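> Starting off with a structure, shown below.
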Amino acid sequence: MSLVKDRYEVEGMTCASCANSVESMLSHVEGVKSASVNFADSSVLVEHEPEVATPDKLQAAVEEIGYSLIINQKAGEESREEREEQKLRYTRLKLMVAMALSVPVVLIAMLLPGIPYADWIMLALSVPVIFWSGKEFFIIAYKRARHFSANMDTLIALGTGAAFLFSAFNTFFPGYLRSRGLEPHVYYEVAAIIVALILLGRYFEERAKSRTSAAIKKLVNLGVKTARVIRGGVELEVPIGEVEKGDIILIRPGEKVPVDGKITEGKSVLDESMITGESIPVEKGAGDTVIGATINKTGSFQMVAERVGSETMLAQIIRLVQEAQGSKAPIQKMVDRIASVFVPIVIVIAILSFVAWSVWGPEPEITYAMIAAVTVLIIACPCALGLATPTAIMVGIGKGAERGVLIKNAESLELAHKLNAVVLDKTGTITQGKPEVTDVLWDLSPDARQEASYVVYAMESQSEHPLAMAVVNHLKPENSQAILLDSFDSVTGKGVKASFNSKRFLIGNRRLLDENGVNVSPFLLEEVERLSREAKTIIYVAQDSEAVAVIAIADTIKETSKAAIASLQQMGLAVHMLTGDNRQTAEAIGEQAGVDYIKAEVLPADKAAYIKELQASGLKVAMVGDGINDSPALAQADLGIAMGTGTDIAIESAEITLIRGDLEDIVTAIRLSNETVKTIRQNLFWAFIYNVTGIPIAAGVLYPFTGFLLNPMFAAAAMAFSSVSVVTNSLRLKAKTLK
C-alpha cells in the first residue's frame, strides 16, 4: 500500500516532552510509518497509509493524550493566524485572572491572616485560579497519567492540587484537626501563585511561537500572482497556477520573473540576490537561464517557462526550509527529563510517608500521616523547578537585546555554547553586501581629469545600471556642480555613451571599448590585471579613442569581520565561508577575512547540504546569513543567526538576529549562552537541593530522633524561599560582562 506524507497543525503542546508524546502516540497508530513533530511551528509531518491511518484516527490518538490535531488542512491554512491570535488572547486572559486573584490571596495569607473569614475569602479567590486558569494542568496531567507518563503539568497539578485540597479540607472542617490538638492551616497562596507564575512563562512562550511560521509565509509572498503569457500570438495575463511548461512569457522592466526558464529574445540586467545572495546584478541574454522571483532591472525580454509550480527554485527553497525545521529533534528540556523521574519518586515517598505514619506513628496516626504526605507534596512543589530555566532565559534574552542580540527562544540560547563550527555567508555577512568603488585610476593630466570626472558623474547619474550608483556615490563629494551632456545613450549589456564639448565619452566593459576602436594604455592594462586578481569588477572610462581611467568595484569586507572571526577561532570554533560567487572572488575575500574553509559557487540547496555534511560528522553548527538564499541553511543549522541588516525571511528563519549586522555580536551571543547555561545549572541545583534535603524532613525522618515534624506552612515557606533564591540568582546575570 502506498505511503503519503501529510503535515498537520497540533494545538496544546507546551513543552518538548509534549512534542515527544505526540510523536510517540502517532508512531504507534496502525498504518503510520513515521511521525516527526516540529515544535517550533506546532506541526507534525506524518508518513502513513491513508486508507489505514485515516486523519480521524490520527486526531483521536492525539486527543487521547490531551492535544488537538487540525485535520481540515484548508480551514487550517486559512484560519491559522486567527486561531493563534485567539489562543494568545485566551492565554493572556487566563494569566490576567490568575494574577489579579492570586496577589490578594498572597497578601491576605502573609499580612492579614487574622481578618474575619480570611480562609473563606482565599478559597473563593483561589477557585477560579485553580479550576479555570489552571485547569489545563490537571487535564493534561490526568491524560498523561493514563499512559503512565509525566511532565511539568503533572508536577504543577500535584503541587497545587495537594495544597488546595488540604486547605479546602481545613476550611470546611477546621474542627477535625483542632479536636486533635492541631491548628488547621491553609495554603491557598501556594496553589494560586504557582498557577499564575507558570502561566506567565507559558504566555511568553506562546507569543514567541506564534511568529515562527512567518518565514514560510514571506517566502510564499515572494512569488508573483500572475504572468503575462503569449499564446497564439495573443498576450494574456493569467494566474501563476495556470502557467504551463513551454509557455512564452513577456517580462518588462521592474517586474519579477514568474517561473524558472530561459530567455528566448531580448537582453536585460537581473537582480538575483534573493537566490545567489550576490549584490551585483547579472547581465542576461538569449539562451541564459532566469529564476522565478528574481527582479528584472532594465530591459524587456521574452522567456520560455521550463519549471513551474513546485518545480521552481523558490518552491524548492520553501520545501527545504520546512524540511529543515521539521527535521530538528525538539530539545528535551532538562526539567522535563528530570520531572519524568522526579514525579513518581515524590508520589512514592508521599505514599510511604502516609503508610509509615499510619502504622508506626503516634496518635492520632491518620492525622500525622495526612500532614506528612501533604507536606511532602507541598515541599516538592515545582515552583523553583519551573522557574529555574525561564527566569535565567528571560534575563539572558533581555541582556542580549540590550547588546543588540535578539534571541528568539530558549533552546537557541542554551545551544549556542555547544557549537563547534560557524558557517558564514559572504555577501552582507562578512562583506558590506553592496558594491562600492575601491579604486579609481586615471591616465590623464590633473586638469583634464577634473572635466572627465564631471562627465563620468553626469553619465552615471543618468544610467540605469545598478553599478552606476556605486560610481555616483563615490564621485558625488567632488562633483558639486552639475553639467549638461550634449547627448546620452545606453548600450544594453555593455555600458553608456555620451558627448560633451565635442568629445565622445564611453563608460562600460571592455566589449564596449573594442567595438568603438578604443585603445587601452599598458599602464591601465597592468592595473586591470592587478585589480582582476583581487576579484574586483572593472569599469572602463574612455575619451574619444583612448581609455582614460578604470574604476574598480567590489563588495568590501566589514571593518569588524576579521577581528570577529579571529575571536571565534580563539574560542575553538572552525569558521567556514559559503558564497554563490566565483572561486576567485571567494578566495580573495576569505583570505582577507581569515576564515578556515571556503566553498564557492553554491546554490541555496548546496548551502543546506553543506551544513548537513558538517552535522553528519558530529559537529554542532551555526549558520550566519542575511539573504533569502540563506534561509534553508539557516533552518537546517543547529543554530541559525541572521544579520539584522538582511531580509525579513532570513531573520524569521533564524533563531538569533544580530541587529547591527556585526559579526562581533556572534561572540557576544556565545558568551551570553555560556553564562546563561551556567546560571540555569546553578538554579536547578538550588531548586533540587531544597527537595533533596526538604523531602526527607517533610516525610518525618527527624521525628524518631528529635520529635520534629515539619509543619506544612514551613514547607510552603521553604518552597517559596527556593523560588526567591532561583530568581535572585538569575538576576545576577544582568551584572555579568561578556568580554
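Starting from 1 in every chain, residues are counted up; chains themselves are A, B, ... following the order of the C-alpha cells, and ligands are numbered from 1 as listed.
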For A:Lys267, please output as a PyMOL selection string all residues within 12 Å (counting only C-alpha atoms; exclusion window: fewer than 2 positions along the same chain).

chain A and resi 251-253+262-265+269-270+282-290+296-303+491-494

> Need the shell around A:Glu306: protein/DNA/RNA residues with any atom at most 6 Å away, counting only C-alpha atoms. Skip same-chain ones fewer than 2 positions apart. Format as a PyMOL selection string?

chain A and resi 245+260-261

> Restricting it to all heavy atoms, dump the selection as a PDB file, in the first residue's frame.


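Result file selection.pdb:
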ATOM      1  N   LYS A 245       4.554  24.526 -18.766  1.00  0.00           N
ATOM      2  CA  LYS A 245       5.867  24.382 -19.389  1.00  0.00           C
ATOM      3  C   LYS A 245       5.752  24.660 -20.885  1.00  0.00           C
ATOM      4  O   LYS A 245       4.812  24.202 -21.536  1.00  0.00           O
ATOM      5  CB  LYS A 245       6.410  22.971 -19.174  1.00  0.00           C
ATOM      6  CG  LYS A 245       6.805  22.665 -17.742  1.00  0.00           C
ATOM      7  CD  LYS A 245       7.386  21.266 -17.631  1.00  0.00           C
ATOM      8  CE  LYS A 245       7.739  20.938 -16.191  1.00  0.00           C
ATOM      9  NZ  LYS A 245       8.309  19.569 -16.056  1.00  0.00           N
ATOM     10  N   ASP A 260      10.798  29.638 -13.470  1.00  0.00           N
ATOM     11  CA  ASP A 260      12.152  29.380 -13.963  1.00  0.00           C
ATOM     12  C   ASP A 260      12.103  29.076 -15.463  1.00  0.00           C
ATOM     13  O   ASP A 260      11.181  28.404 -15.943  1.00  0.00           O
ATOM     14  CB  ASP A 260      12.772  28.186 -13.238  1.00  0.00           C
ATOM     15  CG  ASP A 260      12.897  28.415 -11.743  1.00  0.00           C
ATOM     16  OD1 ASP A 260      12.575  29.534 -11.291  1.00  0.00           O
ATOM     17  OD2 ASP A 260      13.321  27.489 -11.029  1.00  0.00           O
ATOM     18  N   GLY A 261      13.106  29.539 -16.202  1.00  0.00           N
ATOM     19  CA  GLY A 261      13.138  29.260 -17.632  1.00  0.00           C
ATOM     20  C   GLY A 261      14.361  29.857 -18.297  1.00  0.00           C
ATOM     21  O   GLY A 261      15.364  30.146 -17.635  1.00  0.00           O
TER      22      GLY A 261
END

> Counting only C-alpha atoms, which residues in stretch 532-613 of chain A sit no more than 10 Å from stretch 456-474 of chain A? For each one, give the nearest pair of atoms and the distance in Å, sorted by chain then residue number, as CSV.


residue,atom,partner,partner_atom,distance
A:Thr537,CA,A:Leu467,CA,9.5
A:Ile539,CA,A:Leu467,CA,9.2
A:Val541,CA,A:Val456,CA,7.8
A:Ala542,CA,A:Val456,CA,9.8
A:Ile551,CA,A:Val471,CA,8.1
A:Ala552,CA,A:Val471,CA,9.4
A:Ile553,CA,A:Ala470,CA,7.7
A:Ala554,CA,A:Ala470,CA,9.6

> Give one line per residue of stretch 545-658 of chain A that approaches stretch 665-672 of chain A to at most 9 Å, naming the two atoms of the closest pair and their distance in Å to one decimal, counting only C-alpha atoms; sort by chain then ascending residue number and deliver it as a Markdown table.


| residue | atom | partner | partner_atom | distance |
| --- | --- | --- | --- | --- |
| A:Ala564 | CA | A:Val667 | CA | 7.1 |
| A:Ile565 | CA | A:Val667 | CA | 8.9 |
| A:Ser567 | CA | A:Val667 | CA | 7.1 |
| A:Leu568 | CA | A:Val667 | CA | 6.5 |
| A:Met571 | CA | A:Val667 | CA | 8.8 |
| A:Val624 | CA | A:Ile666 | CA | 8.9 |
| A:Ile641 | CA | A:Ile666 | CA | 8.1 |
| A:Ile656 | CA | A:Ala669 | CA | 8.4 |
| A:Leu658 | CA | A:Asp665 | CA | 6.4 |

> Among the residues of stretch 568-663 of chain A, find those DSSP assigns to strand (DSSP E or B) from the backbone and print them as a VMD selection string.

chain A and resid 574 to 578 597 to 599 621 to 625 639 to 643 656 to 658

> Can you measure atom CA of A:Val97 to atom CA of A:Ala162 for me? One decimal in Å is fine.

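Separating atom CA of A:Val97 from atom CA of A:Ala162 is a distance of 21.4 Å.
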
> Excluding A:Pro50 and any residue of its chain fewer than 2 positions from it, enumerate the residues within 10 Å of it, using only C-alpha atoms, and give them as number ranges by chain.

A: 1-6, 31-32, 47-48, 52-55

> Write to file, as a short mmCIF file (atom, residue, chain, number, x, y, z; two decimals), in the first residue's frame, the residues of the selection just made, with N, CA, C and O atoms.


data_model
loop_
_atom_site.label_atom_id
_atom_site.label_comp_id
_atom_site.auth_asym_id
_atom_site.auth_seq_id
_atom_site.Cartn_x
_atom_site.Cartn_y
_atom_site.Cartn_z
N MET A 1 0.85 -1.20 0.00
CA MET A 1 0.00 0.00 0.00
C MET A 1 0.89 1.25 0.00
O MET A 1 1.89 1.30 0.71
N SER A 2 0.54 2.26 -0.79
CA SER A 2 1.37 3.45 -0.93
C SER A 2 1.30 4.33 0.33
O SER A 2 0.28 4.39 1.01
N LEU A 3 2.42 5.00 0.59
CA LEU A 3 2.51 5.91 1.74
C LEU A 3 2.41 7.35 1.26
O LEU A 3 2.86 7.69 0.17
N VAL A 4 1.81 8.20 2.08
CA VAL A 4 1.74 9.63 1.78
C VAL A 4 2.27 10.40 2.98
O VAL A 4 2.30 9.88 4.11
N LYS A 5 2.72 11.62 2.72
CA LYS A 5 3.18 12.49 3.80
C LYS A 5 2.21 13.66 3.94
O LYS A 5 1.95 14.37 2.97
N ASP A 6 1.67 13.83 5.14
CA ASP A 6 0.75 14.92 5.42
C ASP A 6 1.26 15.71 6.62
O ASP A 6 1.76 15.13 7.59
N GLY A 31 -0.63 1.75 10.64
CA GLY A 31 -0.56 2.38 9.33
C GLY A 31 0.35 3.59 9.27
O GLY A 31 0.55 4.15 8.19
N VAL A 32 0.91 4.00 10.41
CA VAL A 32 1.83 5.13 10.44
C VAL A 32 3.27 4.62 10.41
O VAL A 32 3.68 3.83 11.26
N GLU A 47 4.04 10.28 7.95
CA GLU A 47 4.12 9.41 6.79
C GLU A 47 3.27 8.18 7.09
O GLU A 47 3.57 7.44 8.03
N HIS A 48 2.21 7.99 6.32
CA HIS A 48 1.23 6.97 6.71
C HIS A 48 0.51 6.39 5.49
O HIS A 48 0.59 6.93 4.38
N VAL A 52 -5.47 3.23 5.98
CA VAL A 52 -5.42 2.59 7.30
C VAL A 52 -5.38 3.64 8.40
O VAL A 52 -6.22 3.67 9.30
N ALA A 53 -4.36 4.48 8.34
CA ALA A 53 -4.23 5.55 9.34
C ALA A 53 -4.92 6.80 8.80
O ALA A 53 -4.30 7.70 8.24
N THR A 54 -6.23 6.84 8.95
CA THR A 54 -7.02 7.97 8.44
C THR A 54 -6.81 9.19 9.32
O THR A 54 -6.42 9.07 10.49
N PRO A 55 -7.07 10.39 8.79
CA PRO A 55 -6.94 11.60 9.60
C PRO A 55 -7.74 11.54 10.90
O PRO A 55 -7.29 12.03 11.94
#

> Select from stretch 227-284 of chain A everything DSSP, run on the backbone, classes as helix (DSSP H, G or I), then give the selection as a PyMOL selection string.

chain A and resi 240-242+273-276

> For A:Leu424, which of A:Val595, A:Met25, A:Ala157, A:Met99 is the closest residue, counting only C-alpha atoms?

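Among the listed residues, the smallest separation from A:Leu424 belongs to A:Val595.
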
> I need the residue nearest A:Gly292 from this list: A:Val308, A:Ala547, A:Val37, A:Val259. Use only C-alpha atoms for the distance.

A:Val259

> Extract, using only C-alpha atoms, all DNA, RNA and protein residues at most 9 Å from A:Thr679, discarding same-chain residues fewer than 2 positions from it, and format them as a PyMOL selection string.

chain A and resi 388-389+392+674-677+681-684+729-730+732-733

> How would the residues just chosen look if you wrote them out with C-alpha atoms as a PDB file, in the first residue's frame?


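As a result, result_23.pdb now contains:
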ATOM      1  CA  ALA A 388      14.918  27.680  37.180  1.00  0.00           C
ATOM      2  CA  THR A 389      15.186  27.765  33.403  1.00  0.00           C
ATOM      3  CA  ALA A 392      17.584  32.695  33.597  1.00  0.00           C
ATOM      4  CA  ASN A 674      27.781  30.237  28.383  1.00  0.00           C
ATOM      5  CA  GLU A 675      26.755  32.499  31.268  1.00  0.00           C
ATOM      6  CA  THR A 676      23.054  31.692  30.920  1.00  0.00           C
ATOM      7  CA  VAL A 677      23.587  27.925  30.870  1.00  0.00           C
ATOM      8  CA  ARG A 681      22.583  24.781  36.161  1.00  0.00           C
ATOM      9  CA  GLN A 682      23.040  26.746  39.380  1.00  0.00           C
ATOM     10  CA  ASN A 683      19.281  27.360  39.550  1.00  0.00           C
ATOM     11  CA  LEU A 684      18.498  23.673  39.070  1.00  0.00           C
ATOM     12  CA  ASN A 729      20.491  34.085  41.101  1.00  0.00           C
ATOM     13  CA  SER A 730      19.030  34.687  37.636  1.00  0.00           C
ATOM     14  CA  ARG A 732      22.838  38.242  38.762  1.00  0.00           C
ATOM     15  CA  LEU A 733      23.163  37.670  35.010  1.00  0.00           C
TER      16      LEU A 733
END

> Here is a test: counting only C-alpha atoms, which residue of A:Glu23, A:Asp581, A:Glu237, A:Asp630 is nearest to A:Leu45?

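Among the listed residues, A:Glu23 lies closest to A:Leu45.
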
> Please, what distance in Å, to one decimal, runs between atom CA of A:Arg92 and atom CA of A:Ser133?

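Taking atom CA of A:Arg92 as the start and atom CA of A:Ser133 as the end point, the length is 10.1 Å.
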
> For A:Pro604, please output as a PyMOL selection string all residues within 7 Å (counting only C-alpha atoms; exclusion window: fewer than 3 positions along the same chain).

chain A and resi 275+607-608+629-630+632

> Write out the residues from the selection above, keeping N, CA and C atoms, as a PDB file, in the first residue's frame.


ATOM      1  N   ILE A 275      18.398  34.702  -4.684  1.00  0.00           N
ATOM      2  CA  ILE A 275      18.800  33.310  -4.877  1.00  0.00           C
ATOM      3  C   ILE A 275      20.285  33.117  -4.607  1.00  0.00           C
ATOM      4  N   LYS A 607      24.032  25.049   0.111  1.00  0.00           N
ATOM      5  CA  LYS A 607      24.375  25.563   1.438  1.00  0.00           C
ATOM      6  C   LYS A 607      23.786  24.669   2.527  1.00  0.00           C
ATOM      7  N   ALA A 608      22.514  24.309   2.368  1.00  0.00           N
ATOM      8  CA  ALA A 608      21.873  23.435   3.354  1.00  0.00           C
ATOM      9  C   ALA A 608      22.564  22.073   3.390  1.00  0.00           C
ATOM     10  N   ASN A 629      18.361  33.499   0.087  1.00  0.00           N
ATOM     11  CA  ASN A 629      19.047  32.277  -0.332  1.00  0.00           C
ATOM     12  C   ASN A 629      19.675  31.528   0.843  1.00  0.00           C
ATOM     13  N   ASP A 630      19.845  32.218   1.965  1.00  0.00           N
ATOM     14  CA  ASP A 630      20.441  31.580   3.143  1.00  0.00           C
ATOM     15  C   ASP A 630      19.405  30.870   4.012  1.00  0.00           C
ATOM     16  N   PRO A 632      17.260  28.278   3.767  1.00  0.00           N
ATOM     17  CA  PRO A 632      17.296  26.829   4.003  1.00  0.00           C
ATOM     18  C   PRO A 632      18.450  26.418   4.917  1.00  0.00           C
TER      19      PRO A 632
END

> Give me, as a short mmCIF file (atom, residue, chain, number, x, y, z; two decimals) with N, CA, C and O atoms, in the first residue's frame, all polymer residues having an atom no more than 8 Å from A:Val22, counting only C-alpha atoms and skipping those fewer than 2 positions away in the same chain.


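Here's the written file part_18.cif:
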data_model
loop_
_atom_site.label_atom_id
_atom_site.label_comp_id
_atom_site.auth_asym_id
_atom_site.auth_seq_id
_atom_site.Cartn_x
_atom_site.Cartn_y
_atom_site.Cartn_z
N CYS A 18 5.97 17.32 25.47
CA CYS A 18 4.66 17.24 24.81
C CYS A 18 4.84 16.82 23.36
O CYS A 18 4.11 15.97 22.84
N ALA A 19 5.83 17.43 22.69
CA ALA A 19 6.11 17.08 21.30
C ALA A 19 6.51 15.62 21.18
O ALA A 19 6.07 14.91 20.28
N ASN A 20 7.33 15.16 22.12
CA ASN A 20 7.74 13.75 22.11
C ASN A 20 6.55 12.82 22.31
O ASN A 20 6.47 11.74 21.69
N SER A 24 5.32 10.05 19.70
CA SER A 24 5.27 8.65 20.12
C SER A 24 3.87 8.07 19.91
O SER A 24 3.71 6.95 19.42
N MET A 25 2.83 8.85 20.28
CA MET A 25 1.46 8.37 20.17
C MET A 25 1.10 8.11 18.71
O MET A 25 0.50 7.08 18.37
N LEU A 26 1.46 9.03 17.83
CA LEU A 26 1.14 8.85 16.42
C LEU A 26 1.94 7.71 15.79
O LEU A 26 1.44 7.00 14.91
N VAL A 37 7.50 15.66 14.79
CA VAL A 37 6.88 16.88 15.30
C VAL A 37 7.85 18.05 15.16
O VAL A 37 9.02 17.95 15.52
N VAL A 62 -4.18 11.63 19.11
CA VAL A 62 -3.59 12.82 19.72
C VAL A 62 -4.49 13.37 20.83
O VAL A 62 -4.02 13.78 21.90
N ILE A 65 -4.29 11.99 24.52
CA ILE A 65 -3.30 12.45 25.50
C ILE A 65 -3.39 13.96 25.73
O ILE A 65 -2.46 14.58 26.25
N TYR A 67 -4.18 16.66 23.45
CA TYR A 67 -3.85 17.66 22.44
C TYR A 67 -4.86 17.59 21.28
O TYR A 67 -5.69 16.68 21.23
#
